[in-house]
$ cat final03.tsv   # TSV, C-alpha atoms and all ligand atoms
chain	number	residue	atom	x	y	z
A	1139	MET	CA	-74.19	116.17	-50.47
A	1140	SER	CA	-75.03	113.57	-53.08
A	1141	PHE	CA	-72.19	111.87	-54.98
A	1142	SER	CA	-72.45	110.71	-58.57
A	1143	ALA	CA	-70.93	107.27	-59.16
A	1144	GLU	CA	-67.95	108.84	-60.97
A	1145	ALA	CA	-67.35	111.42	-58.22
A	1146	TYR	CA	-67.56	108.69	-55.62
A	1147	PHE	CA	-64.98	106.42	-57.28
A	1148	ALA	CA	-62.71	109.38	-58.02
A	1149	SER	CA	-62.61	110.49	-54.38
A	1150	GLN	CA	-62.91	107.35	-52.20
A	1151	PRO	CA	-60.04	104.84	-52.00
A	1152	PRO	CA	-60.60	101.21	-53.05
A	1153	PRO	CA	-60.29	98.39	-50.50
A	1154	PRO	CA	-56.74	96.99	-50.38
A	1155	THR	CA	-57.87	93.49	-51.44
A	1156	LEU	CA	-59.80	94.65	-54.52
A	1157	GLN	CA	-57.22	93.66	-57.11
A	1158	HIS	CA	-56.78	90.19	-55.61
A	1159	ASP	CA	-60.55	89.62	-55.38
A	1160	VAL	CA	-61.09	90.71	-58.95
A	1161	GLU	CA	-58.37	88.45	-60.34
A	1162	GLN	CA	-59.92	85.44	-58.60
A	1163	VAL	CA	-63.37	86.31	-59.95
A	1164	ARG	CA	-61.93	86.76	-63.45
A	1165	GLU	CA	-60.52	83.22	-63.36
A	1166	PHE	CA	-63.79	81.85	-62.00
A	1167	VAL	CA	-65.92	83.54	-64.65
A	1168	LYS	CA	-63.57	82.48	-67.42
A	1169	ARG	CA	-63.86	78.83	-66.35
A	1170	GLN	CA	-67.65	78.95	-65.99
A	1171	ALA	CA	-67.99	80.59	-69.42
A	1172	LYS	CA	-65.86	77.86	-70.94
A	1173	GLU	CA	-68.04	75.22	-69.29
A	1174	GLY	CA	-71.18	76.93	-70.61
A	1175	ARG	CA	-72.82	77.93	-67.33
A	1176	ASN	CA	-74.88	81.00	-66.56
A	1177	VAL	CA	-73.34	83.03	-63.75
A	1178	VAL	CA	-75.21	84.83	-60.98
A	1179	LEU	CA	-73.73	87.42	-58.66
A	1180	VAL	CA	-75.58	87.21	-55.35
A	1181	THR	CA	-75.00	90.05	-52.88
A	1182	SER	CA	-76.02	89.35	-49.32
A	1183	GLY	CA	-75.96	90.85	-45.84
A	1184	GLY	CA	-75.77	94.44	-44.64
A	1185	THR	CA	-73.06	97.05	-45.19
A	1186	THR	CA	-71.46	99.08	-42.41
A	1187	VAL	CA	-70.59	102.77	-42.39
A	1188	PRO	CA	-67.57	103.44	-40.16
A	1189	LEU	CA	-67.63	106.71	-38.24
A	1190	GLU	CA	-63.88	106.84	-37.60
A	1191	LEU	CA	-60.78	105.95	-39.63
A	1192	ASN	CA	-59.52	103.84	-36.71
A	1193	VAL	CA	-62.95	102.35	-36.49
A	1194	VAL	CA	-64.59	101.80	-33.13
A	1195	ARG	CA	-68.13	102.78	-34.06
A	1196	PHE	CA	-70.16	102.17	-37.18
A	1197	LEU	CA	-73.72	102.21	-38.51
A	1198	ASP	CA	-75.09	98.94	-39.80
A	1199	ASN	CA	-77.88	97.90	-42.17
A	1200	PHE	CA	-80.25	95.15	-41.18
A	1201	SER	CA	-79.75	91.76	-42.91
A	1202	ALA	CA	-78.78	88.36	-41.53
A	1203	GLY	CA	-77.95	87.14	-45.05
A	1204	THR	CA	-80.70	84.51	-45.07
A	1205	ARG	CA	-82.22	85.62	-48.38
A	1206	GLY	CA	-78.87	85.69	-50.17
A	1207	ALA	CA	-77.43	82.45	-48.73
A	1208	THR	CA	-80.65	80.49	-49.28
A	1209	SER	CA	-81.09	81.78	-52.83
A	1210	ALA	CA	-77.47	80.94	-53.67
A	1211	GLU	CA	-78.16	77.29	-52.83
A	1212	TYR	CA	-81.17	77.19	-55.16
A	1213	PHE	CA	-79.21	78.85	-57.97
A	1214	LEU	CA	-76.49	76.21	-57.56
A	1215	LYS	CA	-79.13	73.50	-57.70
A	1216	ALA	CA	-80.48	75.04	-60.91
A	1217	GLY	CA	-77.03	74.69	-62.53
A	1218	TYR	CA	-75.84	78.27	-62.17
A	1219	ALA	CA	-72.34	79.24	-61.16
A	1220	VAL	CA	-72.63	81.55	-58.15
A	1221	ILE	CA	-70.43	84.42	-57.04
A	1222	PHE	CA	-71.53	84.91	-53.47
A	1223	MET	CA	-70.50	88.38	-52.27
A	1224	HIS	CA	-71.51	88.66	-48.66
A	1225	ARG	CA	-70.99	90.62	-45.48
A	1226	GLN	CA	-68.21	89.01	-43.48
A	1227	PHE	CA	-69.71	86.60	-40.89
A	1228	SER	CA	-73.24	86.75	-42.31
A	1229	LEU	CA	-74.96	83.51	-43.34
A	1230	GLN	CA	-73.45	81.46	-46.15
A	1231	PRO	CA	-74.83	78.72	-48.41
A	1232	PHE	CA	-74.85	75.27	-46.73
A	1233	SER	CA	-73.33	76.31	-43.39
A	1234	ARG	CA	-76.44	78.52	-42.87
A	1235	HIS	CA	-78.38	75.39	-41.84
A	1236	TYR	CA	-76.16	75.13	-38.79
A	1237	SER	CA	-76.11	78.74	-37.66
A	1238	HIS	CA	-74.53	79.07	-34.23
A	1239	SER	CA	-77.62	80.66	-32.69
A	1240	THR	CA	-80.56	78.70	-34.18
A	1241	ASN	CA	-79.12	75.27	-34.86
A	1242	PRO	CA	-75.68	74.94	-33.26
A	1243	PHE	CA	-73.87	72.00	-34.80
A	1244	LEU	CA	-72.30	70.84	-31.52
A	1245	ASP	CA	-75.83	70.01	-30.34
A	1246	PHE	CA	-76.23	67.13	-32.74
A	1247	LEU	CA	-72.89	65.46	-32.36
A	1248	GLU	CA	-72.56	62.51	-29.97
A	1249	ILE	CA	-69.43	61.23	-28.25
A	1250	GLU	CA	-68.98	57.48	-28.59
A	1251	PRO	CA	-66.94	55.78	-25.88
A	1252	PRO	CA	-63.94	53.74	-27.09
A	1253	SER	CA	-64.67	50.04	-27.59
A	1254	SER	CA	-63.76	47.61	-24.82
A	1255	SER	CA	-61.12	46.03	-27.10
A	1256	SER	CA	-59.14	49.33	-27.32
A	1257	PRO	CA	-60.00	51.26	-24.17
A	1258	ASP	CA	-57.10	53.73	-24.63
A	1259	ALA	CA	-58.21	54.94	-28.07
A	1260	ASP	CA	-59.82	58.40	-28.45
A	1261	PRO	CA	-63.62	58.35	-28.23
A	1262	GLY	CA	-65.39	58.51	-31.59
A	1263	ILE	CA	-67.88	61.14	-32.81
A	1264	SER	CA	-71.20	60.41	-34.49
A	1265	VAL	CA	-74.24	62.38	-35.62
A	1266	THR	CA	-77.40	62.23	-33.53
A	1267	PRO	CA	-79.62	59.77	-35.47
A	1268	ASN	CA	-82.58	62.12	-36.02
A	1269	LYS	CA	-80.29	64.82	-37.50
A	1270	ARG	CA	-78.51	62.47	-39.89
A	1271	HIS	CA	-80.92	62.73	-42.81
A	1272	ASP	CA	-80.83	66.54	-43.01
A	1273	LEU	CA	-77.07	66.70	-42.53
A	1274	LEU	CA	-76.48	64.11	-45.23
A	1275	ASN	CA	-78.57	66.10	-47.72
A	1276	VAL	CA	-76.71	69.34	-47.00
A	1277	LEU	CA	-73.33	67.64	-47.02
A	1278	THR	CA	-74.01	65.83	-50.31
A	1279	GLU	CA	-74.99	69.05	-52.07
A	1280	TYR	CA	-72.06	70.92	-50.50
A	1281	LYS	CA	-69.58	68.29	-51.72
A	1282	ARG	CA	-71.17	68.21	-55.18
A	1283	VAL	CA	-70.81	71.99	-55.56
A	1284	HIS	CA	-67.29	71.88	-54.17
A	1285	ALA	CA	-66.25	69.19	-56.67
A	1286	LEU	CA	-67.81	71.11	-59.59
A	1287	GLY	CA	-66.22	74.38	-58.45
A	1288	THR	CA	-69.36	76.41	-59.13
A	1289	LEU	CA	-69.37	78.54	-55.97
A	1290	HIS	CA	-66.99	81.43	-55.43
A	1291	THR	CA	-67.27	83.39	-52.20
A	1292	LEU	CA	-65.92	86.82	-51.28
A	1293	THR	CA	-66.65	89.26	-48.50
A	1294	PHE	CA	-67.33	92.91	-47.82
A	1295	VAL	CA	-67.75	94.80	-44.58
A	1296	THR	CA	-68.19	98.51	-45.32
A	1297	VAL	CA	-70.37	100.20	-47.89
A	1298	ASP	CA	-67.13	101.28	-49.62
A	1299	ASP	CA	-66.01	97.66	-49.98
A	1300	TYR	CA	-69.44	96.84	-51.39
A	1301	LEU	CA	-69.54	99.63	-53.98
A	1302	TRP	CA	-66.02	99.01	-55.27
A	1303	LEU	CA	-66.61	95.27	-55.50
A	1304	LEU	CA	-70.01	95.61	-57.18
A	1305	ARG	CA	-68.58	97.84	-59.91
A	1306	ALA	CA	-65.52	95.66	-60.48
A	1307	LEU	CA	-67.42	92.35	-60.51
A	1308	SER	CA	-70.15	93.59	-62.80
A	1309	GLN	CA	-67.46	94.69	-65.24
A	1310	GLU	CA	-65.89	91.22	-65.02
A	1311	LEU	CA	-69.26	89.61	-65.70
A	1312	ALA	CA	-69.64	91.60	-68.91
A	1313	VAL	CA	-67.76	88.77	-70.68
A	1314	VAL	CA	-70.76	86.46	-70.26
A	1315	GLY	CA	-73.18	89.14	-71.49
A	1316	ARG	CA	-76.84	88.13	-71.17
A	1317	ARG	CA	-75.89	84.92	-69.35
A	1318	ALA	CA	-75.00	86.99	-66.27
A	1319	MET	CA	-77.56	87.61	-63.58
A	1320	PHE	CA	-77.30	90.10	-60.71
A	1321	TYR	CA	-79.28	89.26	-57.61
A	1322	LEU	CA	-78.77	92.24	-55.34
A	1323	ALA	CA	-80.19	91.15	-52.00
A	1324	ALA	CA	-77.66	93.01	-49.84
A	1325	ALA	CA	-79.00	95.78	-47.61
A	1326	VAL	CA	-76.89	98.74	-48.62
A	1327	SER	CA	-76.58	101.92	-46.61
A	1328	ASP	CA	-78.09	105.03	-48.20
A	1329	PHE	CA	-75.70	107.33	-46.33
A	1330	PHE	CA	-71.98	107.32	-45.71
A	1331	LEU	CA	-69.13	109.42	-44.37
A	1332	PRO	CA	-66.55	110.26	-47.03
A	1333	ARG	CA	-62.95	109.65	-45.90
A	1334	GLN	CA	-62.24	113.34	-46.00
A	1335	LYS	CA	-64.88	114.00	-43.29
A	1336	MET	CA	-63.98	111.13	-40.94
A	1337	SER	CA	-62.37	111.64	-37.59
A	1338	GLU	CA	-59.02	109.83	-37.45
A	1339	HIS	CA	-59.43	108.60	-33.88
A	1340	LYS	CA	-62.30	107.41	-31.74
A	1341	ILE	CA	-64.90	110.17	-31.38
A	1342	GLN	CA	-64.80	111.40	-27.80
A	1343	SER	CA	-67.95	111.58	-25.73
A	1344	GLY	CA	-66.92	114.46	-23.44
A	1345	LYS	CA	-68.28	117.14	-25.78
A	1346	GLY	CA	-71.98	116.34	-25.35
A	1347	ASN	CA	-74.34	115.36	-28.18
A	1348	LEU	CA	-72.94	113.97	-31.39
A	1349	SER	CA	-74.08	115.42	-34.73
A	1350	ILE	CA	-72.81	113.84	-37.90
A	1351	GLU	CA	-73.79	114.94	-41.37
A	1352	MET	CA	-73.63	112.07	-43.81
A	1353	ASP	CA	-73.52	112.17	-47.59
A	1354	GLN	CA	-75.76	110.17	-49.88
A	1355	VAL	CA	-74.38	106.92	-51.29
A	1356	PRO	CA	-74.55	106.90	-55.10
A	1357	LYS	CA	-76.98	104.32	-56.48
A	1358	LEU	CA	-75.02	102.02	-58.73
A	1359	LEU	CA	-77.98	100.28	-60.29
A	1360	LYS	CA	-78.26	102.66	-63.22
A	1361	PRO	CA	-74.64	102.50	-64.43
A	1362	LEU	CA	-74.66	98.78	-63.66
A	1363	ALA	CA	-77.73	98.11	-65.80
A	1364	GLU	CA	-76.85	100.61	-68.52
A	1365	ASP	CA	-73.11	100.38	-68.94
A	1366	TRP	CA	-71.24	97.79	-66.93
A	1367	THR	CA	-73.08	94.53	-67.53
A	1368	LYS	CA	-73.50	94.32	-71.31
A	1369	GLY	CA	-76.92	92.73	-71.24
A	1370	GLY	CA	-76.91	91.05	-67.81
A	1371	TYR	CA	-80.25	90.45	-66.08
A	1372	VAL	CA	-80.49	92.69	-63.02
A	1373	ILE	CA	-82.72	92.10	-60.01
A	1374	SER	CA	-82.79	94.44	-57.04
A	1375	PHE	CA	-84.70	94.11	-53.78
A	1376	LYS	CA	-86.84	96.70	-52.07
A	1377	LEU	CA	-87.35	96.39	-48.34
A	1378	GLU	CA	-90.12	98.43	-46.73
A	1379	THR	CA	-91.91	98.41	-43.39
A	1380	ASP	CA	-94.91	100.39	-44.65
A	1381	ASP	CA	-97.05	98.25	-46.96
A	1382	ASN	CA	-98.33	101.24	-48.87
A	1383	LEU	CA	-94.84	102.14	-50.02
A	1384	LEU	CA	-93.75	98.77	-51.34
A	1385	LEU	CA	-95.24	98.87	-54.84
A	1386	PRO	CA	-94.74	102.59	-55.52
A	1387	LYS	CA	-91.09	102.35	-54.43
A	1388	ALA	CA	-90.50	99.23	-56.52
A	1389	ARG	CA	-91.96	100.93	-59.61
A	1390	GLN	CA	-89.94	104.05	-58.91
A	1391	ALA	CA	-86.73	102.01	-58.77
A	1392	LEU	CA	-87.50	100.41	-62.15
A	1393	GLU	CA	-88.19	103.83	-63.69
A	1394	ARG	CA	-85.03	105.32	-62.25
A	1395	TYR	CA	-82.52	102.58	-62.89
A	1396	GLY	CA	-83.90	100.81	-65.95
A	1397	HIS	CA	-83.10	97.29	-64.76
A	1398	GLN	CA	-85.28	94.20	-65.17
A	1399	VAL	CA	-86.97	93.23	-61.88
A	1400	VAL	CA	-87.53	94.64	-58.41
A	1401	ILE	CA	-88.52	92.13	-55.76
A	1402	GLY	CA	-90.46	93.91	-53.06
A	1403	ASN	CA	-90.54	92.51	-49.53
A	1404	ASP	CA	-92.10	93.68	-46.31
A	1405	LEU	CA	-89.78	93.34	-43.32
A	1406	HIS	CA	-92.15	91.13	-41.32
A	1407	ARG	CA	-93.58	89.03	-44.16
A	1408	ARG	CA	-90.43	88.58	-46.22
A	1409	LYS	CA	-90.11	84.86	-45.46
A	1410	PHE	CA	-93.49	83.96	-46.93
A	1411	GLU	CA	-94.50	86.73	-49.34
A	1412	VAL	CA	-92.71	88.77	-52.02
A	1413	VAL	CA	-93.80	90.65	-55.12
A	1414	PHE	CA	-91.99	90.73	-58.46
A	1415	VAL	CA	-92.42	94.06	-60.22
A	1416	SER	CA	-91.26	94.42	-63.81
A	1417	LYS	CA	-91.97	96.52	-66.84
A	1418	LYS	CA	-94.38	95.00	-69.32
A	1419	HIS	CA	-92.35	95.70	-72.42
A	1420	LEU	CA	-89.31	93.84	-71.00
A	1421	HIS	CA	-91.11	90.58	-70.40
A	1422	GLY	CA	-93.47	88.06	-71.68
A	1423	PRO	CA	-96.32	87.45	-69.22
A	1424	PRO	CA	-95.57	85.83	-65.84
A	1425	PRO	CA	-97.53	82.62	-65.05
A	1426	ASN	CA	-100.36	84.45	-63.26
A	1427	PRO	CA	-100.22	87.95	-64.67
A	1428	ARG	CA	-102.04	90.70	-62.85
A	1429	PRO	CA	-102.50	94.24	-63.99
A	1430	ALA	CA	-100.53	96.68	-61.87
A	1431	THR	CA	-102.49	98.04	-58.93
A	1432	ASP	CA	-101.63	101.60	-59.92
A	1433	GLY	CA	-104.03	101.15	-62.81
A	1434	SER	CA	-101.32	101.79	-65.38
A	1435	ASP	CA	-100.56	99.47	-68.23
A	1436	GLU	CA	-96.84	99.82	-67.77
A	1437	PHE	CA	-95.96	97.43	-64.92
A	1438	LEU	CA	-96.57	93.78	-64.09
A	1439	GLU	CA	-96.89	92.48	-60.55
A	1440	HIS	CA	-96.42	88.87	-59.66
A	1441	TRP	CA	-96.93	87.80	-56.03
A	1442	LEU	CA	-95.27	84.71	-54.60
A	1443	ARG	CA	-96.63	83.36	-51.35
A	1444	ILE	CA	-96.00	80.24	-49.30
A	1445	ASN	CA	-97.93	78.81	-46.39
A	1446	VAL	CA	-96.72	80.44	-43.14
A	1447	ALA	CA	-96.91	77.10	-41.30
A	1448	HIS	CA	-94.21	75.78	-43.62
A	1449	THR	CA	-91.70	78.37	-42.43
A	1450	ASN	CA	-91.78	77.43	-38.74
A	1451	GLN	CA	-90.33	73.95	-38.77
A	1452	THR	CA	-86.93	72.67	-37.57
A	1453	PRO	CA	-84.50	75.60	-37.38
A	1454	GLY	CA	-82.55	75.64	-40.63
A	1455	PHE	CA	-84.97	73.15	-42.21
A	1456	PRO	CA	-88.40	74.66	-42.87
A	1457	LEU	CA	-90.68	72.51	-45.06
A	1458	LYS	CA	-90.59	75.14	-47.76
A	1459	GLU	CA	-88.40	78.17	-48.40
A	1460	ILE	CA	-89.76	81.02	-50.49
A	1461	GLU	CA	-86.34	81.41	-52.12
A	1462	GLU	CA	-86.97	78.12	-53.95
A	1463	ASP	CA	-89.91	79.74	-55.78
A	1464	ILE	CA	-88.12	83.07	-56.22
A	1465	VAL	CA	-85.17	81.39	-57.89
A	1466	ALA	CA	-87.36	79.12	-60.06
A	1467	GLU	CA	-89.25	82.16	-61.36
A	1468	LEU	CA	-86.02	84.08	-62.02
A	1469	VAL	CA	-84.40	81.18	-63.83
A	1470	ARG	CA	-87.49	81.00	-66.05
A	1471	ARG	CA	-87.35	84.72	-66.80
A	1472	HIS	CA	-83.58	84.73	-67.32
A	1473	THR	CA	-83.82	81.83	-69.77
A	1474	GLU	CA	-86.37	83.82	-71.80
A	1475	TRP	CA	-84.13	86.88	-71.56
A	1476	ILE	CA	-81.14	84.99	-72.94
A	1477	ALA	CA	-83.20	83.50	-75.76
A	1478	ARG	CA	-84.49	86.95	-76.74
A	1479	THR	CA	-81.36	88.30	-78.41
A	1480	PRO	CA	-81.66	92.09	-78.65
A	1501	LIG	O1	-80.78	88.82	-45.15
A	1501	LIG	P1	-82.21	88.71	-44.62
A	1501	LIG	O2	-82.24	88.90	-43.13
A	1501	LIG	O3	-82.88	87.46	-45.10
A	1501	LIG	O4	-83.00	89.96	-45.24
A	1501	LIG	C1	-83.13	90.07	-46.61
A	1501	LIG	C2	-83.44	91.52	-47.03
A	1501	LIG	C3	-84.77	91.94	-46.43
A	1501	LIG	C4	-82.34	92.46	-46.53
A	1501	LIG	C5	-83.50	91.52	-48.61
A	1501	LIG	O5	-84.54	90.71	-49.03
A	1501	LIG	C6	-83.69	92.96	-49.15
A	1501	LIG	O6	-84.79	93.46	-49.22
A	1501	LIG	N1	-82.56	93.63	-49.54
A	1501	LIG	C7	-82.55	95.02	-50.05
A	1501	LIG	C8	-82.71	95.93	-48.85
A	1501	LIG	C9	-82.60	97.40	-49.13
A	1501	LIG	O7	-82.66	98.13	-48.21
A	1501	LIG	O8	-82.39	97.82	-50.35
A	1501	LIG	P2	-82.01	99.37	-50.71
A	1501	LIG	O9	-83.26	100.18	-50.81
A	1501	LIG	O10	-80.92	99.91	-49.85
A	1501	LIG	O11	-81.41	99.13	-52.10
A	1501	LIG	C10	-82.18	98.71	-53.20
A	1501	LIG	C11	-81.30	97.90	-54.11
A	1501	LIG	O12	-80.26	98.69	-54.66
A	1501	LIG	C12	-80.67	96.73	-53.39
A	1501	LIG	O13	-80.84	95.61	-54.20
A	1501	LIG	C13	-79.21	97.14	-53.24
A	1501	LIG	O14	-78.34	96.02	-53.30
A	1501	LIG	C14	-79.00	98.10	-54.42
A	1501	LIG	N2	-78.12	99.23	-54.12
A	1501	LIG	C15	-78.35	99.98	-53.04
A	1501	LIG	C16	-77.53	101.08	-52.78
A	1501	LIG	C17	-76.50	101.37	-53.69
A	1501	LIG	N3	-75.71	102.40	-53.48
A	1501	LIG	N4	-76.31	100.62	-54.76
A	1501	LIG	C18	-77.10	99.54	-54.99
A	1501	LIG	O15	-76.91	98.87	-55.97
$ encode --input "final03.tsv" --output "structure tokens" --more "lines below"
Ligand code: PMT
Amino acid sequence: MSFSAEAYFASQPPPPTLQHDVEQVREFVKRQAKEGRNVVLVTSGGTTVPLELNVVRFLDNFSAGTRGATSAEYFLKAGYAVIFMHRQFSLQPFSRHYSHSTNPFLDFLEIEPPSSSSPDADPGISVTPNKRHDLLNVLTEYKRVHALGTLHTLTFVTVDDYLWLLRALSQELAVVGRRAMFYLAAAVSDFFLPRQKMSEHKIQSGKGNLSIEMDQVPKLLKPLAEDWTKGGYVISFKLETDDNLLLPKARQALERYGHQVVIGNDLHRRKFEVVFVSKKHLHGPPPNPRPATDGSDEFLEHWLRINVAHTNQTPGFPLKEIEEDIVAELVRRHTEWIARTP
């Protein structure tokens, strides 16, 4: 079965923390609007689909949260206020540089023995000299953002959490109108189990094979772009593993949902190559415009590529991150969008 957005919200219960989360976001947006900042909602990480009410098993969507967390940092640098809505325990801005698996922070701390003048004092802690420079840069930016209060973070786990939050936050962002941007990098499940069909307890294995029929998750991009945002600039991502599908699927998403940009990425090349697909009539020309490869006059494609060698440097500190260019291009387009009053 396929749910419409209305049918979904009428039949599935909201997460218990929704009201609290929304009130905090309302305060945040109000303050940023008063201080004259553009606000971007960044969604990041994958959603889960629980199979039981007392959940033991769930389906998950692939995403470490790198794209979202990295982009959030560049948006903050560009002066945006960022609402970072991410999968619990996925990567976050700033702390992502010291992820427990690729760059564990304990590895670059040193223990300093107490001085001979106070041998009973606790040993000191210092940063390994060759890690100091990178840490100082991250820490300085982290403290700057903290002092300005331009980053607000909130979490989701299930696809239900995600859908309820996305609707509520986009409605909150309506107060900043065209100054709102939506950067939907989260990997959202296409299928889910409605409450009414879920087993209450752990599904037992004694009965042989397991068959579960899932329902289709409603796509929220259309109501978001058409009704909820009041002129916000909406970017969605399209992840494919088959190259031949990337552009057709990106164009299809633009046709279906009527938002501003789809950023297409191939699973294996996503760290050094992406394509911006947009409709010609919505934009002035990108810096290196190319006619769409489908031969039509309707779409624009704009490829961003970085040198692969630049991505394989110190864990957490590649020489260049493609998100820097993605965000720069989006800020440019969003600025034009704001200036072009409808
Ligand atoms: O985090 P990383 O490991 O760095 O990986 C980043 C990424 C590859 C996950 C990211 O760049 C990406 O491509 N994200 C979108 C992946 C995807 O599968 O999208 P989708 O086809 O499920 O959805 C398309 C868009 O619609 C997404 O922007 C999604 O947020 C949005 N959506 C999806 C379902 C839904 N019900 N409502 C939505 O709004």
$ closest_atom_pairs --input "final03.tsv" --of "chain A" --to "ligand LIG 1501 (chain A)" --cutoff "7 Å" --atoms "all atoms listed in the file" --output "CSV"
residue,atom,partner,partner_atom,distance
A:Thr1181,CA,A:LIG1501,O14,6.9
A:Ser1182,CA,A:LIG1501,O1,6.4
A:Gly1183,CA,A:LIG1501,O1,5.3
A:Phe1200,CA,A:LIG1501,C4,6.3
A:Ser1201,CA,A:LIG1501,O2,3.8
A:Ala1202,CA,A:LIG1501,O2,3.9
A:Gly1203,CA,A:LIG1501,O1,3.3
A:Thr1204,CA,A:LIG1501,O3,3.7
A:Arg1205,CA,A:LIG1501,O3,3.8
A:Gly1206,CA,A:LIG1501,O1,6.2
A:Leu1301,CA,A:LIG1501,N3,6.8
A:Leu1322,CA,A:LIG1501,O13,4.1
A:Ala1323,CA,A:LIG1501,N1,4.2
A:Ala1324,CA,A:LIG1501,O14,4.6
A:Ala1325,CA,A:LIG1501,C8,3.9
A:Val1326,CA,A:LIG1501,O10,4.4
A:Ser1327,CA,A:LIG1501,O10,5.8
A:Asp1328,CA,A:LIG1501,C16,6.1
A:Val1355,CA,A:LIG1501,N3,5.2
A:Pro1356,CA,A:LIG1501,N3,4.9
A:Lys1357,CA,A:LIG1501,N3,3.8
A:Leu1358,CA,A:LIG1501,N4,4.4
A:Leu1359,CA,A:LIG1501,O15,4.7
A:Ser1374,CA,A:LIG1501,O13,3.6
A:Phe1375,CA,A:LIG1501,O13,4.2
A:Lys1376,CA,A:LIG1501,O6,4.8
A:Leu1377,CA,A:LIG1501,O6,4.0
A:Gly1402,CA,A:LIG1501,O6,6.9
A:Asn1403,CA,A:LIG1501,O6,5.8
A:Leu1405,CA,A:LIG1501,C3,6.1
A:Arg1408,CA,A:LIG1501,C3,6.6
$ closest_residue --input "final03.tsv" --among "A:Arg1478, A:Lys1458, A:Arg1270, A:His1224" --to "A:Arg1317" --atoms "all atoms listed in the file"
A:Arg1478
$ atom_distance --input "final03.tsv" --atom1 "atom CA of A:Ala1312" --atom2 "atom CA of A:Asp1463"
26.9 Å
$ closest_residue --input "final03.tsv" --among "A:Lys1368, A:Ser1308, A:Leu1457, A:Glu1436" --to "A:Glu1393" --atoms "all atoms listed in the file"
A:Glu1436
$ closest_residue --input "final03.tsv" --among "A:Thr1293, A:Asn1382, A:Thr1288, A:Gln1398" --to "A:Met1223" --atoms "all atoms listed in the file"
A:Thr1293
$ residues_around --input "final03.tsv" --residues "A:Thr1186" --least-positions-apart "2" --cutoff "6 Å" --atoms "all atoms listed in the file" --output "JSON, numbers by chain"
{"A": [1197, 1198, 1296, 1297]}
$ write_last_selection --input "final03.tsv" --atoms "C-alpha atoms" --output "CSV table (one decimal), in the frame of the given file"
chain,number,residue,atom,x,y,z
A,1197,LEU,CA,-73.7,102.2,-38.5
A,1198,ASP,CA,-75.1,98.9,-39.8
A,1296,THR,CA,-68.2,98.5,-45.3
A,1297,VAL,CA,-70.4,100.2,-47.9
$ closest_residue --input "final03.tsv" --among "A:Pro1252, A:Lys1215, A:Arg1333, A:Asn1176" --to "A:Val1276" --atoms "only C-alpha atoms"
A:Lys1215
$ atom_distance --input "final03.tsv" --atom1 "atom CA of A:Phe1410" --atom2 "atom CA of A:Tyr1236"
21.1 Å
$ atom_distance --input "final03.tsv" --atom1 "atom CA of A:Lys1360" --atom2 "atom CA of A:Lys1172"
28.8 Å
$ residues_around --input "final03.tsv" --residues "A:Glu1461" --least-positions-apart "3" --cutoff "12 Å" --atoms "all atoms listed in the file" --output "ChimeraX atom specification"
/A:1204-1213,1321,1323,1401,1408-1412,1442-1444,1449,1456,1458,1464-1469
$ write_last_selection --input "final03.tsv" --atoms "C-alpha atoms" --output "short mmCIF file (atom, residue, chain, number, x, y, z; two decimals), in the coordinates of the input"
data_model
loop_
_atom_site.label_atom_id
_atom_site.label_comp_id
_atom_site.auth_asym_id
_atom_site.auth_seq_id
_atom_site.Cartn_x
_atom_site.Cartn_y
_atom_site.Cartn_z
CA THR A 1204 -80.70 84.51 -45.07
CA ARG A 1205 -82.22 85.62 -48.38
CA GLY A 1206 -78.87 85.69 -50.17
CA ALA A 1207 -77.43 82.45 -48.73
CA THR A 1208 -80.65 80.49 -49.28
CA SER A 1209 -81.09 81.78 -52.83
CA ALA A 1210 -77.47 80.94 -53.67
CA GLU A 1211 -78.16 77.29 -52.83
CA TYR A 1212 -81.17 77.19 -55.16
CA PHE A 1213 -79.21 78.85 -57.97
CA TYR A 1321 -79.28 89.26 -57.61
CA ALA A 1323 -80.19 91.15 -52.00
CA ILE A 1401 -88.52 92.13 -55.76
CA ARG A 1408 -90.43 88.58 -46.22
CA LYS A 1409 -90.11 84.86 -45.46
CA PHE A 1410 -93.49 83.96 -46.93
CA GLU A 1411 -94.50 86.73 -49.34
CA VAL A 1412 -92.71 88.77 -52.02
CA LEU A 1442 -95.27 84.71 -54.60
CA ARG A 1443 -96.63 83.36 -51.35
CA ILE A 1444 -96.00 80.24 -49.30
CA THR A 1449 -91.70 78.37 -42.43
CA PRO A 1456 -88.40 74.66 -42.87
CA LYS A 1458 -90.59 75.14 -47.76
CA ILE A 1464 -88.12 83.07 -56.22
CA VAL A 1465 -85.17 81.39 -57.89
CA ALA A 1466 -87.36 79.12 -60.06
CA GLU A 1467 -89.25 82.16 -61.36
CA LEU A 1468 -86.02 84.08 -62.02
CA VAL A 1469 -84.40 81.18 -63.83
#
$ residues_around --input "final03.tsv" --residues "stretch 1341-1343 of chain A" --least-positions-apart "3" --cutoff "12 Å" --atoms "all atoms listed in the file" --output "list in words"
Pro1188, Leu1189, Glu1190, Leu1191, Asn1192, Val1193, Val1194, Arg1195, Phe1196, Met1336, Ser1337, Glu1338, Gly1346, Asn1347, Leu1348, Ser1349 and Ile1350 of chain A
$ closest_residue --input "final03.tsv" --among "A:Ile1249, A:Met1319, A:Trp1302, A:Val1372" --to "A:Val1178" --atoms "only C-alpha atoms"
A:Met1319
$ closest_residue --input "final03.tsv" --among "A:Ala1306, A:Ala1219, A:Ile1373, A:Leu1244" --to "A:Tyr1395" --atoms "only C-alpha atoms"
A:Ile1373
